[in-house]
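Single-structure report; data block below.
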Amino acid sequence: MDTAEPLGVEKGAVQSEAALVGQWLGQFDAALQGGNAASVASLFATESYWRDLLAFTWSITPSEGAGTIAALLVAKQPATQARGFAIAPGRTAPRRVQRAGLDVIEAIFQFETKVGRGFGVVRLLAVDPSKAFQMMTSLHELKGFEETIGNRCPTGEAFSRNFGGTNWKEQREAIQAYTDREPVVLIVGGGQGGLSLAATLGRIGVDTLVVDKFPRVGDCWRQRYHSLALHNDTKLNHLPYMPFPPSWPTYLPKDMVADWFEAYSWAMEINFWTSTEFLRGDYDDAAGQWNAVVRRADGTERTLHPRHLVFANGLVGEAHIPELPGLKDFKGDAMHTTAFTNGANWRGKKALVIGTGTSGHDVAQDLHANGCDTTIVQRGSTMVLSIDPSAKLTYGIYNGIPIDDGDLLASTNTKPMVKKNLQTITKRMLENDKKTIDGLIARGFKFTDGEDGAGHQWMVRTRYGGYYLDGGCSQLIIDGEIGLLHYDQIERFVENGALLKDGSVKPADLIVLATGFLPQEVVVTKLLGQTIGKKVGQIWGFGPDGEMCNMWKRTPQRGLWFAGGGFNNCRQYSRYVAIQIKAVEEGLLPST
């Protein structure tokens with residue numbers, strides 16, 4: 001979330017930064033081995049933050065304040081046995097940068113624990129390099145269960161030159177059929193979350209099956225509206241192990257993403273059942289497994305018995321279709337954005353698009369481009385920002401460094417730092433987009449810069465909506481090419497459009513509901529029952545500890561996991577979900 005560029009330093013100074021970081025890591029290692037909380041605390045600033053990703057706590061755990069951080073580190077150290085803290089070779093070198101408004105010396109380090117090896121990030125105060133302002137520790141791999149990549153990749157002897165036996169394709173078909181076994185992990189949803197996790201689990205030897213209701217891998221993107229494209233840079237959206245080709249465009253159209261998913265699933269040898277709908281499930285505590293019922297393409301049902309069930313079907317559930325007054329009386333066509341494809345059939349017609357999030361704007365712009373007289377209806381205030389340069393500010397921490405290093409740096413911030421950074425970034429966004437924002441407000445558009453000025457990325461974390469990354473629709477609204485109506489001006493919908501409170505009728509042949517989606521917990525309750533739904537509770541959004549509720553970590557329900565988010569979230573956190581599941585399977589970690 002930080003955007004500051006490295007502060008200018010001479011070549012000789014870089015060596016001094018490495019020396020300072022090396023000295024701090026050595027002192028930290030010694031203090032930790034000694035088990036002295038006071039010694040550990042002395043290495044942290046009074047205001048300091050630590051985020052642990054499995055290494056010490058086997059969860060995603062934030063901690064704040066020198067004393068609190070030291071107490072938790074020392075309490076966990078006897079079981080963790082962390083040691084060997086040193087600057088990680090081959091990673092971005094220690095450097096002076098500005099984070100959260102402070103000058104710091106930032107470095108990526110390595111260490112090992114009793115069960116694994118990890119990487120971390122430390123940010124020392126530039127004014128006092130003996131004190132850490134931030135630290136992150138992450139478990140990268142389990143000893144004895146390293147990823148089968150590079151020098152550890154399979155030899156292929158199981159099928160290479162297997163004269164008289166089955167070849168690779170025949171073996172893959174047999175493996176994917178699951179006629180002789182049950183999957184250890186069942187992933188519901190074959191988008192970026194499901195594919196990232198399945199690929200990572202596969203590399204550490206966990207038998208995994210992905211099920212998806214669509215006919216083809218990638219249809220979760222392929223079947224969305226005609227004009228859809230990603231709004232952030234391709235170079236930030238790589239999936240694990242297999243980056244996009246470097247020749248690909250900066251912003252990927254949906255069909256390129258969809259076809260890549262299909263190729264990725266094949267290349268990563270992911271067991272994937274298409275046209276398969278997850279119907280329901282319950283957990284057998286005595287057996288330690290799920291009874292998961294799925295319906296195949298031919299209509300037959302099968303009950304699978306995985307030990308782990310992962311919902312990777314997005315951060316939201318089914319389409320939210322609100323009970324709008326009089327909508328049932330409307331004689332034209334009404335649909336949710338999930339059913340909208342393109343505006344080609346609406347040339348010369350009139351449309352109302354209810355909602356001013358990204359999908360609502362995109363649909364309105366698509367209708368307008370196809371010659372449809374379109375009005376967008378705003379229900380609540382919305383943040384609008386440019387794709388370039390404003391949206392790019394959010395990913396500034398990746399500038400000039402490898403994506404793996406950027407992922408580590410981006411995962412360092414805890415909630416207070418996330419908000420502070422986003423407030424700083426949002427101020428710059430407002431400056432960048434002032435002309436557009438002023439033009440929208442002049443047209444009557446209700447604009448917001450988010451909670452406490454923290455902008456759209458805070459909205460992503462709290463409600464996963466309420467903003468628009470401007471693909472050109474804003475200027476059409478400003479110019480009056482696309483109409484703007486406020487929902488509170490509508491009395492009710494009638495057979496030929498919307499009856500306004502002033503007595504006039506806004507005519508429409510089409511109403512598109514860009515009204516968002518039901519929360520994931522609604523879907524979980526529907527599929528797994530009220531008992532499990534209540535036990536799990538909120539999914540996504542900040543929890544009491546400042547982390548995302550029930551995401552990427554063990555939940556209150558044994559064997560139930562959630563994995564989702566944008567491409568960068570899925571790439572980063574699939575590793576941690578996979579490691580936890582593998583640790584459970586190997587008896588290193590309790591399942592709850």
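Chain labels follow the order of the structure tokens: the first chain is A, the next B, and so on; residue numbering restarts at 1 in every chain, and ligands are counted from 1 in their shown order.
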Show me, as a PyMOL selection string, the residues that have an atom within 8 Å of range 561-578 of chain A when counting only C-alpha atoms, minus same-chain residues fewer than 4 positions from it. chain A and resi 53-54+139-140+192-194+196-197+200-201+236-240+308-315+407+550-555+582
Can you list, as a ChimeraX atom specification, every protein, DNA or RNA residue that comes within 7 Å of Ala364 in chain A when you count only C-alpha atoms, leaving out same-chain residues fewer than 2 positions away? /A:353,360-362,366-368,374,376
For the residues in the current selection, export C-alpha atoms as a tab-separated table (two decimals), in the first residue's frame.
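selection.tsv, freshly written:
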```tsv
chain	number	residue	atom	x	y	z
A	353	VAL	CA	-28.93	1.31	-14.69
A	360	GLY	CA	-22.96	-0.12	-13.12
A	361	HIS	CA	-20.75	2.41	-14.87
A	362	ASP	CA	-19.35	-0.18	-17.28
A	366	ASP	CA	-21.59	-0.20	-22.95
A	367	LEU	CA	-25.30	0.58	-23.48
A	368	HIS	CA	-24.49	4.16	-24.49
A	374	THR	CA	-28.97	5.47	-20.87
A	376	ILE	CA	-27.49	5.79	-14.42
```
Run DSSP on the backbone and grab whatever in range 122-228 of chain A lands in strand (DSSP E or B); send it over as a PyMOL selection string. chain A and resi 122-125+128-142+185-188+208-211
Residue set, range 177-412 of chain A restricted to helix (DSSP H, G or I), as number ranges by chain: A: 177, 192-203, 219-222, 234-236, 254-267, 327-329, 337-339, 344-346, 358-369, 387-393, 396-398, 403-410
Could the residues in this selection be saved with C-alpha atoms as a PDB file, in the first residue's frame?
```
ATOM      1  CA  ALA A 177     -11.927 -39.241 -12.285  1.00  0.00           C
ATOM      2  CA  GLN A 192      -8.145 -17.014  -9.543  1.00  0.00           C
ATOM      3  CA  GLY A 193      -8.606 -18.065  -5.898  1.00  0.00           C
ATOM      4  CA  GLY A 194      -9.371 -21.701  -6.604  1.00  0.00           C
ATOM      5  CA  LEU A 195      -6.706 -22.102  -9.283  1.00  0.00           C
ATOM      6  CA  SER A 196      -3.971 -20.412  -7.236  1.00  0.00           C
ATOM      7  CA  LEU A 197      -4.652 -22.586  -4.224  1.00  0.00           C
ATOM      8  CA  ALA A 198      -5.024 -25.805  -6.221  1.00  0.00           C
ATOM      9  CA  ALA A 199      -1.718 -25.178  -8.006  1.00  0.00           C
ATOM     10  CA  THR A 200       0.072 -24.490  -4.721  1.00  0.00           C
ATOM     11  CA  LEU A 201      -1.422 -27.519  -2.962  1.00  0.00           C
ATOM     12  CA  GLY A 202      -0.436 -29.661  -5.918  1.00  0.00           C
ATOM     13  CA  ARG A 203       3.187 -28.572  -5.659  1.00  0.00           C
ATOM     14  CA  ASP A 219     -16.071 -19.211 -17.703  1.00  0.00           C
ATOM     15  CA  CYS A 220     -16.307 -17.264 -14.447  1.00  0.00           C
ATOM     16  CA  TRP A 221     -14.687 -14.473 -16.493  1.00  0.00           C
ATOM     17  CA  ARG A 222     -15.609 -15.529 -20.021  1.00  0.00           C
ATOM     18  CA  THR A 234      -1.203  -7.182 -15.746  1.00  0.00           C
ATOM     19  CA  LYS A 235       2.263  -7.368 -14.187  1.00  0.00           C
ATOM     20  CA  LEU A 236       0.647  -7.363 -10.733  1.00  0.00           C
ATOM     21  CA  LYS A 254     -11.870 -10.861 -19.772  1.00  0.00           C
ATOM     22  CA  ASP A 255     -11.515 -13.433 -22.544  1.00  0.00           C
ATOM     23  CA  MET A 256      -7.723 -13.380 -22.370  1.00  0.00           C
ATOM     24  CA  VAL A 257      -7.998 -14.006 -18.630  1.00  0.00           C
ATOM     25  CA  ALA A 258     -10.497 -16.815 -19.200  1.00  0.00           C
ATOM     26  CA  ASP A 259      -8.405 -18.592 -21.816  1.00  0.00           C
ATOM     27  CA  TRP A 260      -5.311 -18.218 -19.636  1.00  0.00           C
ATOM     28  CA  PHE A 261      -7.158 -19.887 -16.753  1.00  0.00           C
ATOM     29  CA  GLU A 262      -7.892 -22.830 -19.012  1.00  0.00           C
ATOM     30  CA  ALA A 263      -4.247 -23.104 -20.070  1.00  0.00           C
ATOM     31  CA  TYR A 264      -3.094 -22.633 -16.473  1.00  0.00           C
ATOM     32  CA  SER A 265      -5.314 -25.443 -15.207  1.00  0.00           C
ATOM     33  CA  TRP A 266      -3.870 -27.786 -17.832  1.00  0.00           C
ATOM     34  CA  ALA A 267      -0.246 -26.740 -17.299  1.00  0.00           C
ATOM     35  CA  LEU A 327     -40.330  -3.347 -10.105  1.00  0.00           C
ATOM     36  CA  LYS A 328     -42.596  -6.356 -10.612  1.00  0.00           C
ATOM     37  CA  ASP A 329     -44.996  -4.088 -12.491  1.00  0.00           C
ATOM     38  CA  THR A 337     -25.521  -7.127 -14.171  1.00  0.00           C
ATOM     39  CA  THR A 338     -24.573 -10.812 -13.920  1.00  0.00           C
ATOM     40  CA  ALA A 339     -27.064 -11.532 -16.710  1.00  0.00           C
ATOM     41  CA  ALA A 344     -26.140  -4.425 -28.970  1.00  0.00           C
ATOM     42  CA  ASN A 345     -29.791  -5.415 -28.665  1.00  0.00           C
ATOM     43  CA  TRP A 346     -30.808  -2.108 -27.111  1.00  0.00           C
ATOM     44  CA  THR A 358     -17.764  -0.203 -11.368  1.00  0.00           C
ATOM     45  CA  SER A 359     -20.179  -2.698 -12.971  1.00  0.00           C
ATOM     46  CA  GLY A 360     -22.959  -0.119 -13.115  1.00  0.00           C
ATOM     47  CA  HIS A 361     -20.748   2.409 -14.869  1.00  0.00           C
ATOM     48  CA  ASP A 362     -19.346  -0.182 -17.276  1.00  0.00           C
ATOM     49  CA  VAL A 363     -22.812  -1.428 -18.225  1.00  0.00           C
ATOM     50  CA  ALA A 364     -24.081   2.130 -18.690  1.00  0.00           C
ATOM     51  CA  GLN A 365     -21.121   2.974 -20.916  1.00  0.00           C
ATOM     52  CA  ASP A 366     -21.594  -0.200 -22.951  1.00  0.00           C
ATOM     53  CA  LEU A 367     -25.296   0.582 -23.485  1.00  0.00           C
ATOM     54  CA  HIS A 368     -24.486   4.155 -24.494  1.00  0.00           C
ATOM     55  CA  ALA A 369     -21.822   2.989 -26.948  1.00  0.00           C
ATOM     56  CA  ILE A 387      -7.313   3.933 -13.603  1.00  0.00           C
ATOM     57  CA  ASP A 388      -4.127   5.783 -14.506  1.00  0.00           C
ATOM     58  CA  PRO A 389      -2.566   7.440 -12.592  1.00  0.00           C
ATOM     59  CA  SER A 390      -4.657   7.180  -9.418  1.00  0.00           C
ATOM     60  CA  ALA A 391      -5.388   3.447  -9.179  1.00  0.00           C
ATOM     61  CA  LYS A 392      -1.731   2.743  -9.914  1.00  0.00           C
ATOM     62  CA  LEU A 393      -0.714   4.572  -6.749  1.00  0.00           C
ATOM     63  CA  GLY A 396       3.483   1.726  -5.904  1.00  0.00           C
ATOM     64  CA  ILE A 397       5.271  -0.537  -3.456  1.00  0.00           C
ATOM     65  CA  TYR A 398       5.955  -2.926  -6.355  1.00  0.00           C
ATOM     66  CA  ILE A 403       6.887  -9.249  -7.680  1.00  0.00           C
ATOM     67  CA  ASP A 404       7.767 -11.808  -4.987  1.00  0.00           C
ATOM     68  CA  ASP A 405       9.575  -9.106  -3.021  1.00  0.00           C
ATOM     69  CA  GLY A 406       6.664  -6.735  -3.540  1.00  0.00           C
ATOM     70  CA  ASP A 407       4.282  -9.349  -2.163  1.00  0.00           C
ATOM     71  CA  LEU A 408       6.326  -9.577   1.029  1.00  0.00           C
ATOM     72  CA  LEU A 409       6.463  -5.801   1.436  1.00  0.00           C
ATOM     73  CA  ALA A 410       2.735  -5.439   0.701  1.00  0.00           C
TER      74      ALA A 410
END
```
Hey, which bits of range 509-589 of chain A sit within 10 Å of range 268-284 of chain A, and for each residue what's the closest pair of atoms and how far apart in Å (one decimal), counting only C-alpha atoms, rows by chain and increasing number, as a tab-separated table?
```
residue	atom	partner	partner_atom	distance
A:Val524	CA	A:Arg280	CA	9.3
A:Thr525	CA	A:Arg280	CA	9.8
A:Lys526	CA	A:Arg280	CA	8.0
A:Leu527	CA	A:Arg280	CA	4.6
A:Leu528	CA	A:Gly281	CA	5.1
A:Gly529	CA	A:Asp282	CA	7.8
A:Thr531	CA	A:Asp282	CA	9.9
A:Ile532	CA	A:Asp282	CA	8.4
A:Gln557	CA	A:Tyr283	CA	8.8
A:Arg558	CA	A:Tyr283	CA	8.2
A:Gly559	CA	A:Tyr283	CA	8.3
A:Leu560	CA	A:Tyr283	CA	9.2
```
Those residues with C-alpha atoms, as a PDB file, in the first residue's frame please?
```
ATOM      1  CA  VAL A 524     -22.426 -20.629   3.206  1.00  0.00           C
ATOM      2  CA  THR A 525     -25.511 -20.853   5.417  1.00  0.00           C
ATOM      3  CA  LYS A 526     -27.583 -21.934   2.438  1.00  0.00           C
ATOM      4  CA  LEU A 527     -25.117 -24.670   1.433  1.00  0.00           C
ATOM      5  CA  LEU A 528     -23.827 -25.869   4.795  1.00  0.00           C
ATOM      6  CA  GLY A 529     -26.742 -25.084   7.105  1.00  0.00           C
ATOM      7  CA  THR A 531     -25.415 -24.279  12.505  1.00  0.00           C
ATOM      8  CA  ILE A 532     -22.172 -23.997  10.524  1.00  0.00           C
ATOM      9  CA  GLN A 557     -15.541 -24.848  11.664  1.00  0.00           C
ATOM     10  CA  ARG A 558     -13.021 -27.661  11.440  1.00  0.00           C
ATOM     11  CA  GLY A 559     -11.887 -28.325   7.873  1.00  0.00           C
ATOM     12  CA  LEU A 560     -13.534 -25.218   6.389  1.00  0.00           C
TER      13      LEU A 560
END
```
Rank nothing, just name the residue among A:Val377, A:Ile482, A:Val40, A:Ile579 nearest to Lys131 in chain A, using only C-alpha atoms.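 Counting only C-alpha atoms, the residue closest to Lys131 in chain A is A:Val40.
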Can I get the residues of range 136-204 of chain A within 10 Å of range 116-128 of chain A, each with the closest pair of atoms and their distance in Å to one decimal, using only C-alpha atoms, sorted chain first then ascending number, as a Markdown table?
```
| residue | atom | partner | partner_atom | distance |
| --- | --- | --- | --- | --- |
| A:Met136 | CA | A:Val121 | CA | 5.0 |
| A:Thr137 | CA | A:Gly120 | CA | 4.3 |
| A:Ser138 | CA | A:Gly118 | CA | 5.4 |
| A:Leu139 | CA | A:Gly118 | CA | 4.3 |
| A:His140 | CA | A:Gly118 | CA | 4.6 |
| A:Glu141 | CA | A:Gly116 | CA | 5.5 |
| A:Leu142 | CA | A:Gly116 | CA | 4.1 |
| A:Lys143 | CA | A:Gly116 | CA | 4.8 |
| A:Gly144 | CA | A:Gly116 | CA | 8.5 |
| A:Phe145 | CA | A:Gly116 | CA | 9.0 |
| A:Glu146 | CA | A:Gly116 | CA | 9.2 |
```
Counting only C-alpha atoms, the option among A:Glu147, A:Asp373, A:Glu17, A:Glu47 closest to Val97 in chain A: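 When distances to Val97 in chain A are compared using only C-alpha atoms, the smallest one comes from A:Glu17.
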Do a neighbour search on Thr179 in chain A at 12 Å with only C-alpha atoms, toss out local chain neighbours closer than 5 positions, and write the hits as a list in words.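 The filter keeps Glu173, Ala174, Arg302 and Leu304 of chain A.
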Measure the distance from CA of Cys153 in chain A to CA of Trp168 in chain A in Å and round it to one decimal.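 Going from CA of Cys153 in chain A over to CA of Trp168 in chain A, I get 15.6 Å.
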Please list as a ChimeraX atom specification every residue within 7 Å of range 305-307 of chain A, counting only C-alpha atoms and excluding residues in the same chain fewer than 6 positions away. /A:182-186,288-292,559
Please list as a list in words every residue within 7 Å of Pro253 in chain A, counting only C-alpha atoms and excluding residues in the same chain fewer than 5 positions away.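 My list of contacting residues is Leu228, Ala229 and Leu230 of chain A.
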Residue nearest Arg95 in chain A among A:Leu352, A:Leu72, A:Ile401, A:Ile149 (counting only C-alpha atoms):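 Distance minimum relative to Arg95 in chain A lands on A:Ile401.
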All residues 8 Å or closer to Arg379 in chain A, only C-alpha atoms, same chain fewer than 4 positions away omitted, as a PyMOL selection string: chain A and resi 354-356+486-488
Can those selected residues be exported to a file as a tab-separated table (two decimals), in the first residue's frame so that it contains N, CA and C atoms?
```tsv
chain	number	residue	atom	x	y	z
A	354	ILE	N	-29.33	0.82	-12.35
A	354	ILE	CA	-29.47	1.14	-10.93
A	354	ILE	C	-28.19	0.78	-10.20
A	355	GLY	N	-27.39	1.77	-9.86
A	355	GLY	CA	-26.15	1.54	-9.14
A	355	GLY	C	-24.97	2.20	-9.82
A	356	THR	N	-24.06	2.74	-9.02
A	356	THR	CA	-22.95	3.50	-9.58
A	356	THR	C	-21.59	2.95	-9.15
A	486	HIS	N	-31.05	10.34	-9.21
A	486	HIS	CA	-30.87	9.81	-7.85
A	486	HIS	C	-32.05	8.93	-7.48
A	487	TYR	N	-31.73	7.83	-6.83
A	487	TYR	CA	-32.77	6.87	-6.50
A	487	TYR	C	-33.85	7.50	-5.62
A	488	ASP	N	-33.47	8.44	-4.77
A	488	ASP	CA	-34.47	9.05	-3.89
A	488	ASP	C	-35.41	9.99	-4.64
```
For Glu106 in chain A, which residue out of A:Ala287, A:Ile87, A:Ala75, A:Ala454 is the nearest one, using only C-alpha atoms?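 Closest candidate: A:Ile87.
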Quick one: distance from CA of Leu430 in chain A to CA of Gly471 in chain A in Å, one decimal?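 If I compute the distance from CA of Leu430 in chain A to CA of Gly471 in chain A, I get 16.8 Å.
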